[in-house]
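Below is query-v1.cif, which holds mmCIF, C-alpha atoms.
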```
data_input
loop_
_atom_site.label_atom_id
_atom_site.label_comp_id
_atom_site.auth_asym_id
_atom_site.auth_seq_id
_atom_site.Cartn_x
_atom_site.Cartn_y
_atom_site.Cartn_z
CA MET A 34 -93.14 139.71 4.21
CA SER A 35 -89.72 138.35 5.12
CA MET A 36 -87.91 135.06 4.62
CA ILE A 37 -86.83 133.91 8.08
CA LEU A 38 -84.73 130.97 9.21
CA VAL A 39 -85.77 129.57 12.58
CA THR A 40 -83.39 126.98 13.99
CA GLY A 41 -84.79 124.58 16.55
CA ALA A 42 -88.19 124.86 14.88
CA ALA A 43 -89.41 121.56 16.34
CA GLY A 44 -88.40 122.73 19.81
CA PHE A 45 -90.54 124.41 22.43
CA ILE A 46 -89.72 128.06 21.75
CA GLY A 47 -88.87 127.55 18.08
CA SER A 48 -92.27 126.07 17.21
CA TYR A 49 -94.12 128.94 18.88
CA VAL A 50 -91.95 131.56 17.18
CA SER A 51 -92.48 129.87 13.81
CA HIS A 52 -96.27 129.90 14.23
CA ARG A 53 -96.29 133.58 15.15
CA LEU A 54 -94.15 134.48 12.15
CA LEU A 55 -96.47 132.53 9.84
CA ASP A 56 -99.50 134.20 11.45
CA ARG A 57 -98.23 137.59 10.36
CA GLY A 58 -97.40 136.49 6.82
CA ASP A 59 -93.67 135.74 6.91
CA GLN A 60 -92.10 132.80 5.10
CA VAL A 61 -90.36 130.43 7.52
CA VAL A 62 -87.69 127.81 6.97
CA GLY A 63 -87.48 125.64 10.07
CA LEU A 64 -84.27 123.76 10.84
CA ASP A 65 -84.06 120.95 13.39
CA ASN A 66 -82.21 117.66 13.83
CA LEU A 67 -84.98 116.04 15.92
CA ASN A 68 -82.48 114.58 18.37
CA ASP A 69 -83.58 112.32 21.22
CA TYR A 70 -82.50 114.48 24.16
CA TYR A 71 -86.17 114.19 25.12
CA PRO A 72 -88.95 112.13 23.44
CA VAL A 73 -88.97 112.78 19.71
CA ASP A 74 -92.72 112.22 19.41
CA LEU A 75 -93.37 115.57 21.10
CA LYS A 76 -91.05 117.31 18.64
CA GLU A 77 -92.76 115.56 15.75
CA ALA A 78 -96.18 116.63 17.04
CA ARG A 79 -95.03 120.26 17.20
CA LEU A 80 -93.60 119.93 13.70
CA THR A 81 -96.82 118.45 12.31
CA GLY A 82 -98.63 121.62 13.31
CA LEU A 83 -96.12 123.65 11.32
CA THR A 84 -95.72 121.54 8.18
CA SER A 85 -99.47 121.70 7.58
CA ARG A 86 -99.26 125.48 7.20
CA ASP A 87 -98.62 127.50 4.06
CA GLY A 88 -95.32 129.35 4.06
CA PHE A 89 -93.40 126.79 6.13
CA ARG A 90 -90.60 124.56 4.89
CA PHE A 91 -88.74 122.07 7.09
CA VAL A 92 -85.07 121.15 6.77
CA ARG A 93 -83.70 118.33 8.90
CA ALA A 94 -80.03 118.87 9.69
CA ALA A 95 -77.65 119.17 12.63
CA LEU A 96 -76.10 122.54 13.40
CA GLU A 97 -72.63 121.02 13.52
CA ASP A 98 -73.03 119.58 10.00
CA ARG A 99 -71.05 122.28 8.24
CA SER A 100 -71.82 121.13 4.69
CA ALA A 101 -75.56 120.96 5.39
CA ILE A 102 -75.66 124.46 6.90
CA GLU A 103 -73.57 125.88 4.06
CA ALA A 104 -75.92 124.25 1.53
CA LEU A 105 -78.95 125.72 3.29
CA PHE A 106 -77.59 129.27 3.18
CA ALA A 107 -76.47 128.78 -0.43
CA SER A 108 -79.96 127.70 -1.53
CA ILE A 109 -82.16 130.25 0.27
CA SER A 110 -81.71 133.98 0.89
CA PHE A 111 -82.78 134.90 4.42
CA ASP A 112 -83.71 138.35 5.68
CA VAL A 113 -83.48 137.38 9.34
CA VAL A 114 -82.09 134.39 11.23
CA ILE A 115 -83.63 133.46 14.60
CA HIS A 116 -81.28 130.91 16.12
CA LEU A 117 -83.00 128.97 18.89
CA ALA A 118 -81.49 125.51 18.40
CA ALA A 119 -78.99 124.33 21.01
CA GLN A 120 -78.15 121.45 23.26
CA ALA A 121 -80.15 122.50 26.29
CA GLY A 122 -80.09 121.51 29.94
CA VAL A 123 -77.73 122.45 32.74
CA ARG A 124 -77.63 119.02 34.41
CA TYR A 125 -77.16 117.09 31.16
CA SER A 126 -74.02 119.14 30.49
CA LEU A 127 -72.44 117.38 33.47
CA GLU A 128 -72.94 114.02 31.75
CA ASN A 129 -72.39 114.75 28.07
CA PRO A 130 -70.17 117.82 27.62
CA HIS A 131 -69.19 117.05 24.02
CA ALA A 132 -72.80 117.48 22.86
CA TYR A 133 -72.65 121.10 24.04
CA VAL A 134 -69.42 121.86 22.21
CA ASP A 135 -70.74 120.28 18.98
CA SER A 136 -74.12 122.02 18.95
CA ASN A 137 -73.61 125.23 20.89
CA LEU A 138 -70.11 126.18 19.73
CA VAL A 139 -69.39 124.49 16.39
CA GLY A 140 -73.05 124.76 15.39
CA PHE A 141 -73.27 128.43 16.30
CA LEU A 142 -70.14 129.16 14.29
CA ASN A 143 -71.81 127.61 11.24
CA ILE A 144 -74.85 129.86 11.74
CA LEU A 145 -72.63 132.93 12.16
CA GLU A 146 -70.71 132.11 8.99
CA GLY A 147 -73.86 131.53 6.97
CA SER A 148 -75.37 134.78 8.22
CA ARG A 149 -72.19 136.71 7.58
CA ARG A 150 -71.68 135.41 4.04
CA GLN A 151 -75.30 136.08 3.15
CA GLN A 152 -75.31 139.48 4.89
CA VAL A 153 -78.59 138.85 6.71
CA LYS A 154 -80.22 141.95 8.17
CA HIS A 155 -80.34 140.59 11.72
CA LEU A 156 -79.16 137.51 13.60
CA VAL A 157 -81.14 136.94 16.81
CA TYR A 158 -79.93 134.07 18.99
CA ALA A 159 -80.93 132.43 22.25
CA SER A 160 -78.66 132.95 25.20
CA SER A 161 -79.69 132.04 28.75
CA SER A 162 -80.10 133.38 32.25
CA SER A 163 -77.57 130.72 33.24
CA VAL A 164 -74.75 133.01 32.04
CA TYR A 165 -75.16 135.00 35.26
CA GLY A 166 -73.65 132.02 37.08
CA ALA A 167 -72.13 133.01 40.40
CA ASN A 168 -73.54 136.55 40.24
CA THR A 169 -75.59 137.44 43.31
CA ALA A 170 -76.53 141.07 42.59
CA MET A 171 -80.27 141.08 41.88
CA PRO A 172 -82.00 141.63 39.58
CA PHE A 173 -79.65 140.33 36.91
CA SER A 174 -78.84 143.11 34.45
CA VAL A 175 -77.40 142.90 30.94
CA HIS A 176 -74.97 145.58 32.11
CA HIS A 177 -73.44 143.21 34.69
CA ASN A 178 -70.23 141.31 34.03
CA VAL A 179 -70.95 137.59 33.48
CA ASP A 180 -67.58 135.86 33.59
CA HIS A 181 -68.25 133.20 36.22
CA PRO A 182 -70.47 130.43 34.77
CA VAL A 183 -71.14 127.40 36.97
CA SER A 184 -72.00 124.89 34.22
CA LEU A 185 -70.62 124.06 30.79
CA TYR A 186 -74.04 124.87 29.31
CA ALA A 187 -73.76 128.40 30.72
CA ALA A 188 -70.20 128.69 29.45
CA THR A 189 -71.28 127.82 25.90
CA LYS A 190 -74.02 130.45 26.03
CA LYS A 191 -71.54 133.08 27.24
CA ALA A 192 -69.22 131.97 24.43
CA ASN A 193 -72.06 132.49 21.94
CA GLU A 194 -72.37 136.10 23.08
CA LEU A 195 -68.63 136.64 22.60
CA MET A 196 -68.65 134.95 19.19
CA ALA A 197 -71.60 137.08 18.07
CA HIS A 198 -69.83 140.23 19.21
CA SER A 199 -66.75 139.35 17.19
CA TYR A 200 -68.88 138.99 14.04
CA ALA A 201 -70.73 142.22 14.75
CA ALA A 202 -67.44 144.05 15.24
CA THR A 203 -65.50 142.47 12.38
CA TYR A 204 -68.18 142.12 9.72
CA GLY A 205 -70.89 144.56 10.80
CA LEU A 206 -73.37 141.69 11.23
CA PRO A 207 -76.23 142.94 13.47
CA CYS A 208 -76.48 140.44 16.33
CA THR A 209 -78.85 140.36 19.32
CA GLY A 210 -78.64 137.84 22.13
CA LEU A 211 -81.67 137.01 24.27
CA ARG A 212 -81.18 135.69 27.79
CA PHE A 213 -84.27 133.60 28.49
CA PHE A 214 -85.40 133.02 32.08
CA THR A 215 -87.00 129.62 32.95
CA VAL A 216 -89.51 129.29 30.10
CA TYR A 217 -92.68 127.23 30.68
CA GLY A 218 -96.06 126.59 29.10
CA PRO A 219 -98.02 124.21 26.84
CA TRP A 220 -95.89 122.05 24.51
CA GLY A 221 -92.93 122.62 26.85
CA ARG A 222 -89.81 120.53 27.38
CA PRO A 223 -90.31 117.29 29.35
CA ASP A 224 -86.90 117.69 31.01
CA MET A 225 -88.01 120.89 32.76
CA ALA A 226 -89.04 120.60 36.41
CA TYR A 227 -92.65 121.77 36.05
CA PHE A 228 -93.23 119.12 33.36
CA SER A 229 -91.70 116.27 35.32
CA PHE A 230 -93.47 117.46 38.49
CA THR A 231 -96.82 117.29 36.72
CA ARG A 232 -96.15 113.80 35.41
CA ALA A 233 -95.05 112.54 38.84
CA ILE A 234 -97.87 114.19 40.82
CA LEU A 235 -100.54 112.71 38.55
CA LYS A 236 -98.98 109.26 38.94
CA GLY A 237 -98.70 109.60 42.72
CA ARG A 238 -94.92 109.54 42.66
CA PRO A 239 -92.67 111.77 44.81
CA ILE A 240 -90.95 114.77 43.24
CA ASP A 241 -87.34 115.78 43.89
CA VAL A 242 -87.25 119.32 45.27
CA PHE A 243 -83.70 120.62 45.20
CA ASN A 244 -82.24 123.13 47.65
CA HIS A 245 -85.19 122.15 49.89
CA GLY A 246 -87.48 124.24 47.71
CA LYS A 247 -85.75 127.50 48.59
CA MET A 248 -84.65 128.23 45.03
CA GLN A 249 -86.24 131.19 43.26
CA ARG A 250 -86.84 131.31 39.52
CA ASP A 251 -88.09 134.02 37.21
CA PHE A 252 -90.65 131.72 35.56
CA THR A 253 -91.54 133.19 32.15
CA TYR A 254 -94.59 132.10 30.16
CA ILE A 255 -93.97 131.05 26.56
CA ASP A 256 -96.22 133.74 25.01
CA ASP A 257 -94.17 136.44 26.71
CA ILE A 258 -90.94 134.91 25.42
CA VAL A 259 -92.27 134.80 21.85
CA GLU A 260 -93.52 138.39 21.97
CA GLY A 261 -90.09 139.50 23.13
CA VAL A 262 -88.33 137.52 20.40
CA LEU A 263 -90.44 139.01 17.62
CA ARG A 264 -90.18 142.57 18.86
CA VAL A 265 -86.41 142.29 19.06
CA ALA A 266 -86.12 140.53 15.70
CA ASP A 267 -87.90 143.44 14.02
CA ARG A 268 -85.30 145.90 15.38
CA PRO A 269 -81.83 145.06 14.02
CA ALA A 270 -79.12 145.79 16.57
CA GLN A 271 -77.49 149.20 16.25
CA PRO A 272 -74.16 150.47 17.59
CA ASN A 273 -74.31 152.31 20.89
CA LEU A 274 -72.87 155.70 19.96
CA LYS A 275 -72.17 156.44 23.63
CA TRP A 276 -70.23 153.22 24.22
CA ASP A 277 -66.96 153.92 26.02
CA GLY A 278 -63.98 151.56 26.00
CA PHE A 279 -62.76 153.05 29.28
CA ASP A 280 -66.07 152.10 30.93
CA PRO A 281 -67.44 149.34 28.69
CA ASP A 282 -71.14 148.50 28.80
CA ALA A 283 -71.62 144.71 28.70
CA GLY A 284 -75.08 144.92 27.15
CA SER A 285 -74.16 146.92 24.04
CA SER A 286 -71.17 147.86 21.91
CA PHE A 287 -69.59 150.20 19.40
CA ALA A 288 -70.66 147.41 16.99
CA PRO A 289 -74.26 146.50 16.02
CA TYR A 290 -74.68 144.23 19.03
CA ARG A 291 -77.22 144.02 21.83
CA ILE A 292 -78.12 141.74 24.75
CA TYR A 293 -81.58 141.62 26.35
CA ASN A 294 -83.10 139.70 29.24
CA ILE A 295 -86.54 138.21 28.66
CA GLY A 296 -87.94 137.26 32.05
CA ASN A 297 -91.09 137.83 34.06
CA ASN A 298 -89.29 140.22 36.44
CA GLN A 299 -91.09 138.51 39.35
CA PRO A 300 -89.06 135.66 40.88
CA VAL A 301 -91.11 132.94 42.55
CA GLU A 302 -89.92 130.48 45.17
CA LEU A 303 -90.00 126.89 43.97
CA LEU A 304 -92.33 125.81 46.80
CA ARG A 305 -94.87 128.46 45.76
CA PHE A 306 -94.61 127.30 42.14
CA ILE A 307 -95.33 123.71 43.28
CA GLU A 308 -98.25 124.94 45.40
CA VAL A 309 -99.86 126.62 42.37
CA LEU A 310 -99.25 123.51 40.28
CA GLU A 311 -100.94 121.39 42.96
CA GLN A 312 -103.96 123.71 42.90
CA CYS A 313 -104.21 123.45 39.10
CA LEU A 314 -103.95 119.65 39.22
CA GLY A 315 -106.17 119.18 42.25
CA CYS A 316 -103.52 116.86 43.71
CA GLN A 317 -100.94 117.13 46.48
CA ALA A 318 -97.30 116.43 45.71
CA GLN A 319 -95.14 114.07 47.71
CA LYS A 320 -91.95 116.09 48.14
CA ASN A 321 -88.47 114.61 48.41
CA PHE A 322 -86.33 117.49 49.67
CA LEU A 323 -82.73 117.44 48.47
CA PRO A 324 -79.68 119.74 48.57
CA MET A 325 -78.64 121.96 45.65
CA GLN A 326 -77.44 120.11 42.55
CA PRO A 327 -74.11 120.94 40.88
CA GLY A 328 -74.54 123.56 38.16
CA ASP A 329 -77.69 125.06 39.69
CA VAL A 330 -77.95 128.59 41.06
CA PRO A 331 -80.12 129.61 44.04
CA ALA A 332 -82.05 132.37 42.28
CA THR A 333 -82.72 134.09 38.96
CA TYR A 334 -84.35 137.48 38.59
CA ALA A 335 -84.43 139.44 35.33
CA ASP A 336 -83.99 143.17 34.94
CA VAL A 337 -85.95 143.82 31.73
CA ASP A 338 -85.70 147.61 31.66
CA ASP A 339 -83.63 147.62 28.46
CA LEU A 340 -86.11 145.34 26.69
CA THR A 341 -89.00 147.58 27.75
CA ALA A 342 -87.22 150.81 26.83
CA ASP A 343 -86.27 149.59 23.35
CA THR A 344 -89.34 147.54 22.38
CA GLY A 345 -92.13 148.75 24.68
CA PHE A 346 -92.72 145.21 25.95
CA ARG A 347 -92.54 143.78 29.46
CA PRO A 348 -93.49 140.14 30.25
CA SER A 349 -96.43 139.95 32.65
CA THR A 350 -98.15 136.53 32.64
CA SER A 351 -98.62 135.27 36.21
CA ILE A 352 -97.77 131.70 37.19
CA GLU A 353 -101.41 131.20 38.16
CA LYS A 354 -102.52 131.87 34.57
CA GLY A 355 -99.54 130.22 32.94
CA LEU A 356 -99.64 126.98 34.91
CA ALA A 357 -103.40 126.67 34.45
CA ARG A 358 -102.90 126.83 30.68
CA PHE A 359 -100.07 124.29 30.85
CA VAL A 360 -102.09 121.83 32.93
CA GLU A 361 -105.07 122.14 30.59
CA TRP A 362 -102.80 121.33 27.63
CA TYR A 363 -101.03 118.49 29.46
CA GLN A 364 -104.22 116.75 30.46
CA GLY A 365 -105.56 117.02 26.92
CA TYR A 366 -102.38 115.98 25.14
CA TYR A 367 -101.63 113.02 27.42
CA ARG A 368 -105.33 112.21 28.06
CA THR A 369 -104.82 112.12 31.82
#
```

Could you express the structure from this file as structure tokens?
Amino acid sequence: MSMILVTGAAGFIGSYVSHRLLDRGDQVVGLDNLNDYYPVDLKEARLTGLTSRDGFRFVRAALEDRSAIEALFASISFDVVIHLAAQAGVRYSLENPHAYVDSNLVGFLNILEGSRRQQVKHLVYASSSSVYGANTAMPFSVHHNVDHPVSLYAATKKANELMAHSYAATYGLPCTGLRFFTVYGPWGRPDMAYFSFTRAILKGRPIDVFNHGKMQRDFTYIDDIVEGVLRVADRPAQPNLKWDGFDPDAGSSFAPYRIYNIGNNQPVELLRFIEVLEQCLGCQAQKNFLPMQPGDVPATYADVDDLTADTGFRPSTSIEKGLARFVEWYQGYYRT
């Protein structure tokens, strides 16, 4: 049994990870600020399912509140930190950039400092497929250079990877970054396209389909994300003894540092995704075709070979299964 800090515990991924940790007997401290980036009632509903369970304790605080984060680490000794809290959303970063600096940069520094001072065994943190930015070589590999982000959100996630590496190299803090690819499923984020599409289709409203539906995404079901997170968390990052400064590998280091993709490894065109959603809902969507939005990329496609080689796990849930489960949850939760 371990004592584990999960940040963003009232969030989509964080709540699932917390439940899985509790299922296996770990003690979980969940941190969240319950901000109103999307409706708080959904976050509170997720949290209610956690606070009713033995072994879970909730702490409400903002990542950028240095004194609160220092007090948390001073009061509880953690074996592992799973850092999933962040200001999310590519498009929102165009409107409110300061929120991303506060949460994703200042907040992450506070988590790094707390982990370093307490000498936690492993810091696992959420990165994003958005770091691949202007890259066009497919599938995206952790061994590729990722120095050309096309949104501030992506830039903060790339910065997190660099910050984590500096702590791994300087202090020997084992750090693993996880690049998530378009996560979906029950209890998901209302700002994500599949969620807003479902709401609009059921109300007979048109949906905005960017890049005329020609975008491809590596849609990854929530259960696959959580399985990947737990498998990685149980394997503290180790130095790559073959790492060569003359030919540096971007996915590992001479320090205890690793990067993994967690994606379904099967990109799906947006129009096909909408077609499956229509079948699950039994309704046709009215489509408003639009050009690409700033900050978006035309395709994502995860190379998960490193994840599979090191943990034995490869995501595999099809969109047909995953969307059916989401729609069943949505119709029950919202009584549609």

Up to 8 Å from (-93.2, 124.6, 20.0) in the file's coordinates: name the residues, counting all atoms listed in the file, as an mmCIF file with C-alpha atoms, in the coordinates of the input.
```
data_model
loop_
_atom_site.group_PDB
_atom_site.id
_atom_site.type_symbol
_atom_site.label_atom_id
_atom_site.label_comp_id
_atom_site.auth_asym_id
_atom_site.auth_seq_id
_atom_site.Cartn_x
_atom_site.Cartn_y
_atom_site.Cartn_z
ATOM 1 C CA ALA A 42 -88.190 124.860 14.880
ATOM 2 C CA ALA A 43 -89.410 121.560 16.340
ATOM 3 C CA GLY A 44 -88.400 122.730 19.810
ATOM 4 C CA PHE A 45 -90.540 124.410 22.430
ATOM 5 C CA ILE A 46 -89.720 128.060 21.750
ATOM 6 C CA GLY A 47 -88.870 127.550 18.080
ATOM 7 C CA SER A 48 -92.270 126.070 17.210
ATOM 8 C CA TYR A 49 -94.120 128.940 18.880
ATOM 9 C CA VAL A 50 -91.950 131.560 17.180
ATOM 10 C CA LYS A 76 -91.050 117.310 18.640
ATOM 11 C CA ARG A 79 -95.030 120.260 17.200
ATOM 12 C CA LEU A 80 -93.600 119.930 13.700
ATOM 13 C CA TRP A 220 -95.890 122.050 24.510
ATOM 14 C CA GLY A 221 -92.930 122.620 26.850
#
```

List every protein, DNA or RNA residue that has at least one atom no more than 6 Å from (-86.6, 136.6, 28.7) in the file's coordinates, counting all atoms listed in the file, and write the result as an mmCIF file with C-alpha atoms, in the coordinates of the input.
```cif
data_model
loop_
_atom_site.group_PDB
_atom_site.id
_atom_site.type_symbol
_atom_site.label_atom_id
_atom_site.label_comp_id
_atom_site.auth_asym_id
_atom_site.auth_seq_id
_atom_site.Cartn_x
_atom_site.Cartn_y
_atom_site.Cartn_z
ATOM 1 C CA ARG A 212 -81.180 135.690 27.790
ATOM 2 C CA PHE A 213 -84.270 133.600 28.490
ATOM 3 C CA PHE A 214 -85.400 133.020 32.080
ATOM 4 C CA ILE A 258 -90.940 134.910 25.420
ATOM 5 C CA ASN A 294 -83.100 139.700 29.240
ATOM 6 C CA ILE A 295 -86.540 138.210 28.660
ATOM 7 C CA GLY A 296 -87.940 137.260 32.050
#
```

* Given the choices A:Ala288, A:Ile144, A:Leu96, A:Ala357, which gets closest to A:Ala132 if the distance is worked out from all atoms listed in the file? -> A:Leu96

Residue contacts of A:Asp257 (9 Å, only C-alpha atoms) excluding same-chain residues fewer than 4 positions away, as a PDB file with C-alpha atoms, in the frame of the given file:
```pdb
ATOM      1  CA  THR A 253     -91.540 133.190  32.150  1.00  0.00           C
ATOM      2  CA  GLY A 261     -90.090 139.500  23.130  1.00  0.00           C
ATOM      3  CA  VAL A 262     -88.330 137.520  20.400  1.00  0.00           C
ATOM      4  CA  ILE A 295     -86.540 138.210  28.660  1.00  0.00           C
ATOM      5  CA  GLY A 296     -87.940 137.260  32.050  1.00  0.00           C
ATOM      6  CA  ASN A 297     -91.090 137.830  34.060  1.00  0.00           C
ATOM      7  CA  PHE A 346     -92.720 145.210  25.950  1.00  0.00           C
ATOM      8  CA  ARG A 347     -92.540 143.780  29.460  1.00  0.00           C
ATOM      9  CA  PRO A 348     -93.490 140.140  30.250  1.00  0.00           C
ATOM     10  CA  SER A 349     -96.430 139.950  32.650  1.00  0.00           C
ATOM     11  CA  THR A 350     -98.150 136.530  32.640  1.00  0.00           C
TER      12      THR A 350
END
```

* Residue with smallest distance to A:Val92 - pool A:Glu260, A:Asp74, A:Asp336, A:Asp65, counting all atoms listed in the file ->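 For A:Val92, the nearest of the given residues is A:Asp65.
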
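Using only C-alpha atoms, the smallest distance between any of A:Ser229, A:Met36, A:Gly218, A:Ala342 and A:Arg358 comes from A:Gly218.
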
* **Residues in the PyMOL selection byres ((chain A and resi 198-209) around 8), expressed as an NGL selection string** => :A and (145 or 148-149 or 152-158 or 194-197 or 210-211 or 265 or 269-271 or 287-293)
